[in-house]
Amino acid sequence: MAWNTNLRWRLPVTCLVLQVAMLVLFGVFVRYDEDADAHWWEPRGPGNGSREGARDLDNEFYYRYPSFQDVHVMVFLGFGFLMTFLQRYGFSALGFNFLLAALGIQWALLMQGWFHSFKDGHILVGVENLINADFCVASVCVAFGAVLGKVSPIQLLLMTFVQVTLFSVNEFILLNLLLVKDAGGSMTIHTFGAYFGLTVTWILYRHNLEQSKQRQTSVYHSDLFAMIGTLFLWMYWPSFNSAVSYHGDAQHRAAINTYCSLAASVLTSVAVSSAVHRRGKLDMVHIQNATLAGGVGVGTAAEMMLMPYGALVVGFLCGTFSTLGFAFLTPFLESRLRIQDTCGIHNLHGIPGIIGGIVGAVTAACATPDVYGKAGLAHSFDFEGLKQNWTAKTQGRYQIFGLLVTLAMALVGGTIMGLILRLPFWGQAADENCFEDSVYWEMEEEKSSGYPEDPTLKPPAPSGPLGPLASPGPSASLVP
Amino acid sequence: MAWNTNLRWRLPVTCLVLQVAMLVLFGVFVRYDEDADAHWWEPRGPGNGSREGARDLDNEFYYRYPSFQDVHVMVFLGFGFLMTFLQRYGFSALGFNFLLAALGIQWALLMQGWFHSFKDGHILVGVENLINADFCVASVCVAFGAVLGKVSPIQLLLMTFVQVTLFSVNEFILLNLLLVKDAGGSMTIHTFGAYFGLTVTWILYRHNLEQSKQRQTSVYHSDLFAMIGTLFLWMYWPSFNSAVSYHGDAQHRAAINTYCSLAASVLTSVAVSSAVHRRGKLDMVHIQNATLAGGVGVGTAAEMMLMPYGALVVGFLCGTFSTLGFAFLTPFLESRLRIQDTCGIHNLHGIPGIIGGIVGAVTAACATPDVYGKAGLAHSFDFEGLKQNWTAKTQGRYQIFGLLVTLAMALVGGTIMGLILRLPFWGQAADENCFEDSVYWEMEEEKSSGYPEDPTLKPPAPSGPLGPLASPGPSASLVP
Amino acid sequence: MAWNTNLRWRLPVTCLVLQVAMLVLFGVFVRYDEDADAHWWEPRGPGNGSREGARDLDNEFYYRYPSFQDVHVMVFLGFGFLMTFLQRYGFSALGFNFLLAALGIQWALLMQGWFHSFKDGHILVGVENLINADFCVASVCVAFGAVLGKVSPIQLLLMTFVQVTLFSVNEFILLNLLLVKDAGGSMTIHTFGAYFGLTVTWILYRHNLEQSKQRQTSVYHSDLFAMIGTLFLWMYWPSFNSAVSYHGDAQHRAAINTYCSLAASVLTSVAVSSAVHRRGKLDMVHIQNATLAGGVGVGTAAEMMLMPYGALVVGFLCGTFSTLGFAFLTPFLESRLRIQDTCGIHNLHGIPGIIGGIVGAVTAACATPDVYGKAGLAHSFDFEGLKQNWTAKTQGRYQIFGLLVTLAMALVGGTIMGLILRLPFWGQAADENCFEDSVYWEMEEEKSSGYPEDPTLKPPAPSGPLGPLASPGPSASLVP
């Protein structure tokens, strides 16, 4: 099928319409919250407004900002570079991730704001809103991993818009209706993002994708670029899982647990990676991805009294299952279930996300006043007000409900999304042109060479949707 | 013209003389400020010096250090990698940026210290001084972008020395005499750096630069390296604009505004980039640069009550104008005004810097006690002491004066600097050898190959100032 | 000699056994410390457990976590990427560093915990333990630099296990028995790591390593990747040296001193690098490494009243000696003393580490109540309890003892380690296959090409331990 990949008017108009819409909605709704408003300074002193140092640090900014920056790096650089492993898709991996995340954080500030920070007709934003917006976008980045190389930037903008919307609804159901705990987002971010993305890619199944297979691999340098992403995700994951936990011990504990879990998943990923290769060699794909599974797996339970050894167990299992998934499940899903999962997000976010949801439920169900202290238990799980009569068991049960709701939302939402994205006018590339930057990017080689239509570097270039792979001459995809 | 690019004695002597001078001046002048001095611990306890935990966190270190580290990353890694986009100039981009910044921060600690932290014959430094020194150097990094590939490290050291000096004078005039607010440095850092650098490159105009044109482009991997710089600049810009704001709400607000503005400029950069290409393709240069314009544009106003939608408007405009600048203005400046702006700093720092100055003036002029609170307004703009009788309007007017002074300083200073750098003995390369690492760097290929004079990789190598591009044999530039 | 490099069972079993051991030991010993335990919340309020905001920030987490994250980046990304400079060893540099560090931090939490955080049968961990574990692993990363390219991952796991053990013993002797100050680890981390690693590589001397010489160099892009490591190490070193100092002025001062010292070592590295090249060109190896020497050199004294000019002097000397070491000492060590030091760690960590130990001793010995204040002096050097009768001179003397003990421990420990690692069954590669990823990594080229045995990219590939370099056909190292 021949699609027109010239986005000259479609992409600018989509971006501008969305950005103007954001602008108008921000104008109507978004204001600073108390800690970011100039009035914050007002009632400080004992009456006369004089500077009283001791209160300065009590601004939420100082509790959350360092974690926010780490999460920000994960979303924009971590996910972006992780996806540069493809040999000819680095521009798109970074550029499209940048684009969708920049839209996503704005829309998430609004959506999450309406649900959680709405007061007297305004959304009041502070640093915690910024973190939550980044979290929401992380879920979109996860889903992007499944469709990487196969969708146009317009499709990604649409997907971001819809997914952020559904994410916020799902998050609201979990946190505010089911009163679930999920600070690191095993369920809301990873499970939701993974199954949403997998459903989308399942519906967008491309029959002739093997025509792009030679570009769906890495080269030496692209694997090193991807490791930048891996390492930043890995290193900052303790910040991710602790960023929105309660002040003090909860944030502290979440960081420790995540640190332990991630360490364990590195060792088991390496072990399994070597064991499944007939000559015991390591596979870079496993190191780039499965080492991170431990962070996903403790997302829900990190702030709970999981204990460091509990975290090690989770990391151990997640690293193992994730690597096994890359080795055996991904090929199976692709050949049997027609799920073309470019980055293997099912192994990195899907399975570990579900494990994380279950671990969270079990950890919550097993909470006792012995372990938490009486006040600590009530504080950790908000057993007050609405939840006054809840026991740890109730909490555990609702955690499982939360996981199931998330899966349902992801599958239904992903189906609808996939059907919309199948429409033929979003500028998507033909099967034989997937995983190729030159479809959407002006390449230096084109600019400088005398053959403006001659695409790209060494790896056989896309010849456009109408021609066979080896066809010479200007490719149809490049004709406006 | 044939210049001698052998720096064997000139570069070491320059470095050592400068470093020894720094050492002596530090010895005479620089001491720790109260919060970094061991006496800080002294008067803590209620008389007996016993440990009193609650006061520990009240050290300025904990307010500023996380932001400082982010700014540090922006200056050394952000600007450095952003400039690695050239195919054969990555060593120089990173190495020279490293060198000039390392000198610049020392000289800035002294210059800014004499102006702002001088007490009883000593400059007292703390973490805020480190941030301000990094800020000052950021301005030099901006100017470096204009002359990238065309100057020697000796010229850069000279330029750093002079520019830091003028920056500090300009900053003193703005902050201490005109009593202007400019926490994120739209004026003092970006406008000053950009127009200083543009003036220098205008005076250093190279007639035959097209002989190096084939190296003034990127290759696939160099563009990915540059994205490391772009993303770190983009992600940490909220820290940049909030790093030296007042504690509490001002820092908090500056981060939120910058976050919003940057998000908007990503979408408009992408929109315009696609719209100006005849087939709607994106240009990596725009993504690498124009996406950052939103951060420059809210530099002055970020800490004010700009409102999130105000930030979006600024980011929207800056992203748009910046991309248009890359597409249309830079070629015009080069062909008509003979301004060879390697990195397009006019589009990323010049225009958005001026926009930022104006936005700051307007935002200040519109400040009301309604929006800020009475005490908040006085606190935010220091309407006390010297400025007791100032109104918001006065502040706005002085902001504009500040912008004009900055432009004047940059143009005059840049002219003088340019004339000094035109002298022929600074080791600069010939026109046909620009944008080439092997002029100043020992390349691995030379070391290991049997042909020590044979320079560099695939792209046609420089043949030295005397010979034509294709001349074989040892190049004149390499003869000691 | 022909070694079997197939790790199919050895590596997985080693990883899993170690990880299960960690898991069991964590289960028995490791718990959260007070600030990370849910009980932390308990006694907060004035009796009734109600939320009292002001105390939240008094959690150790907020003093240390930003520094922890910076240190974490240095260990996993900084050291990892610094070692990617070799043209065909980037996967191993990153992957093995990742693996050994992930094991190391777990074992370090236990070892250091038994020595320093053991209470009522449990090791109580908090964020400071995480930093110290990272510190300990940094020492292993240093030693890894000496043997880079010449050891198998199994050897690295063993080395990590032993070195962490000895590190912890040495650290205990220094900090708890000799009562030495060494917050930035000039002695415990750098000197120990360097001489341990050098001794190991001396014992593992490879006679025919010149057969791998062509791969022991860099290529253009690999040098840029290495600069990512260099810059993150350089930028975050102030956090490294201040991470575990006392709250307040000590952390603050350590950051300032390190900032100054590092700046000076950049200028002198550049100066010497240019001076030692016959045409005055810069060598990327010096920029990548010697610029960091200033951070090592102020490790011990950074938290003391070294004064900014003192820091500049240290940085000046370390940058100079380090660069001279790379230019003259490393070739000498290799040819005369048969010490094959891949990364030149003797120049970056050995010499500057010893300088740092001496500078620390001198700075301590010169401490006076004038400079520190009476209480400040006692607080800075813990002159209370055990050390009640100590003077600054005593402290200086013990610092020197500490340095000597460290050297002795490193040499003896390294010898034993080297002898163990010489055993032939650890999966190490033959001399002609060193510095080559394809020995332990599945390369994309092998996967996709029709010639599964045909290894790797352009630089002449290893032919396996049995054959000469140019031998065709399947290499022996690849036969299971």
# chains A, B, ... in the order shown; residues from 1 in each chain; ligands from 1
>>> interface_residues(of="chain A", to="chain B", cutoff="6 Å", atoms="only C-alpha atoms", output="number ranges by chain")
A: 6-8, 12, 15, 23, 26-27, 35-39, 41-42, 56, 59, 61, 102, 440-442, 480
>>> select_by_dssp(residues="region 156-297 of chain C", states="alpha helix (DSSP H)", output="ChimeraX atom specification")
/C:156-172,192-203,220-242,249-275,284-289,293-297
>>> residues_around(residues="region 332-335 of chain C", least_positions_apart="5", cutoff="12 Å", atoms="only C-alpha atoms", output="MDAnalysis selection string")
chainID C and resid 146 198:199 201:202 205:207 209:210 324:327 340:342 344:347
>>> residues_around(residues="Gln211 (chain C)", least_positions_apart="3", cutoff="7 Å", atoms="only C-alpha atoms", output="PDB file with N, CA and C atoms, in the first residue's frame")
ATOM      1  N   ASN C 208      52.582 -11.564  24.965  1.00  0.00           N
ATOM      2  CA  ASN C 208      52.354 -11.318  23.540  1.00  0.00           C
ATOM      3  C   ASN C 208      51.240 -10.306  23.297  1.00  0.00           C
ATOM      4  N   ASP C 431      46.251 -13.823  24.351  1.00  0.00           N
ATOM      5  CA  ASP C 431      46.894 -12.520  24.170  1.00  0.00           C
ATOM      6  C   ASP C 431      46.473 -11.838  22.878  1.00  0.00           C
ATOM      7  N   GLU C 432      46.300 -12.602  21.834  1.00  0.00           N
ATOM      8  CA  GLU C 432      45.971 -11.980  20.548  1.00  0.00           C
ATOM      9  C   GLU C 432      44.489 -11.636  20.436  1.00  0.00           C
TER      10      GLU C 432
END
>>> closest_residue(among="C:Leu158, C:Ile416, C:Leu233, C:Val137", to="Leu77 (chain C)", atoms="only C-alpha atoms")
C:Leu233
>>> residues_around(residues="Lys387 (chain A)", least_positions_apart="3", cutoff="12 Å", atoms="only C-alpha atoms", output="PyMOL selection string")
chain A and resi 176-180+378-384+390-392+394-395+398
>>> residues_around(residues="Leu423 (chain C)", least_positions_apart="5", cutoff="12 Å", atoms="only C-alpha atoms", output="NGL selection string")
:C and (3 or 151 or 154-155 or 203-204 or 416-418 or 428)
>>> write_last_selection(atoms="N, CA and C atoms", output="compact mmCIF listing (two decimals), in the first residue's frame")
# COMPACT_ATOMS: atom_id res chain seq x y z
N TRP C 3 43.02 -20.88 25.87
CA TRP C 3 42.03 -20.94 26.94
C TRP C 3 40.65 -21.05 26.34
N VAL C 151 40.82 -9.39 30.87
CA VAL C 151 40.25 -10.35 31.81
C VAL C 151 38.82 -10.71 31.42
N ILE C 154 34.20 -13.38 34.54
CA ILE C 154 34.30 -14.18 35.76
C ILE C 154 35.45 -13.69 36.62
N GLN C 155 36.57 -13.39 35.98
CA GLN C 155 37.68 -12.83 36.74
C GLN C 155 37.28 -11.51 37.41
N ILE C 203 51.00 -9.07 37.79
CA ILE C 203 51.08 -10.53 37.90
C ILE C 203 50.46 -11.21 36.68
N LEU C 204 49.45 -10.57 36.12
CA LEU C 204 48.81 -11.15 34.94
C LEU C 204 49.54 -10.77 33.64
N ILE C 416 47.95 -11.49 45.94
CA ILE C 416 47.13 -12.70 46.14
C ILE C 416 46.07 -12.79 45.04
N MET C 417 45.40 -11.67 44.81
CA MET C 417 44.36 -11.63 43.78
C MET C 417 44.93 -12.04 42.43
N GLY C 418 46.08 -11.49 42.08
CA GLY C 418 46.68 -11.78 40.79
C GLY C 418 47.00 -13.26 40.64
N GLN C 428 39.51 -16.44 30.47
CA GLN C 428 40.20 -15.28 29.90
C GLN C 428 40.58 -15.54 28.44
>>> select_by_dssp(residues="region 32-212 of chain B", states="strand (DSSP E or B)", output="PyMOL selection string")
chain B and resi 32+118-119+122-125
>>> closest_residue(among="C:Gly113, C:Gly357, C:Gly413, C:Gly149", to="Gln87 (chain C)", atoms="only C-alpha atoms")
C:Gly149
>>> residues_around(residues="region 164-168 of chain A", least_positions_apart="2", cutoff="7 Å", atoms="only C-alpha atoms", output="NGL selection string")
:A and (104 or 108 or 111-112 or 136 or 160-162 or 170-172)
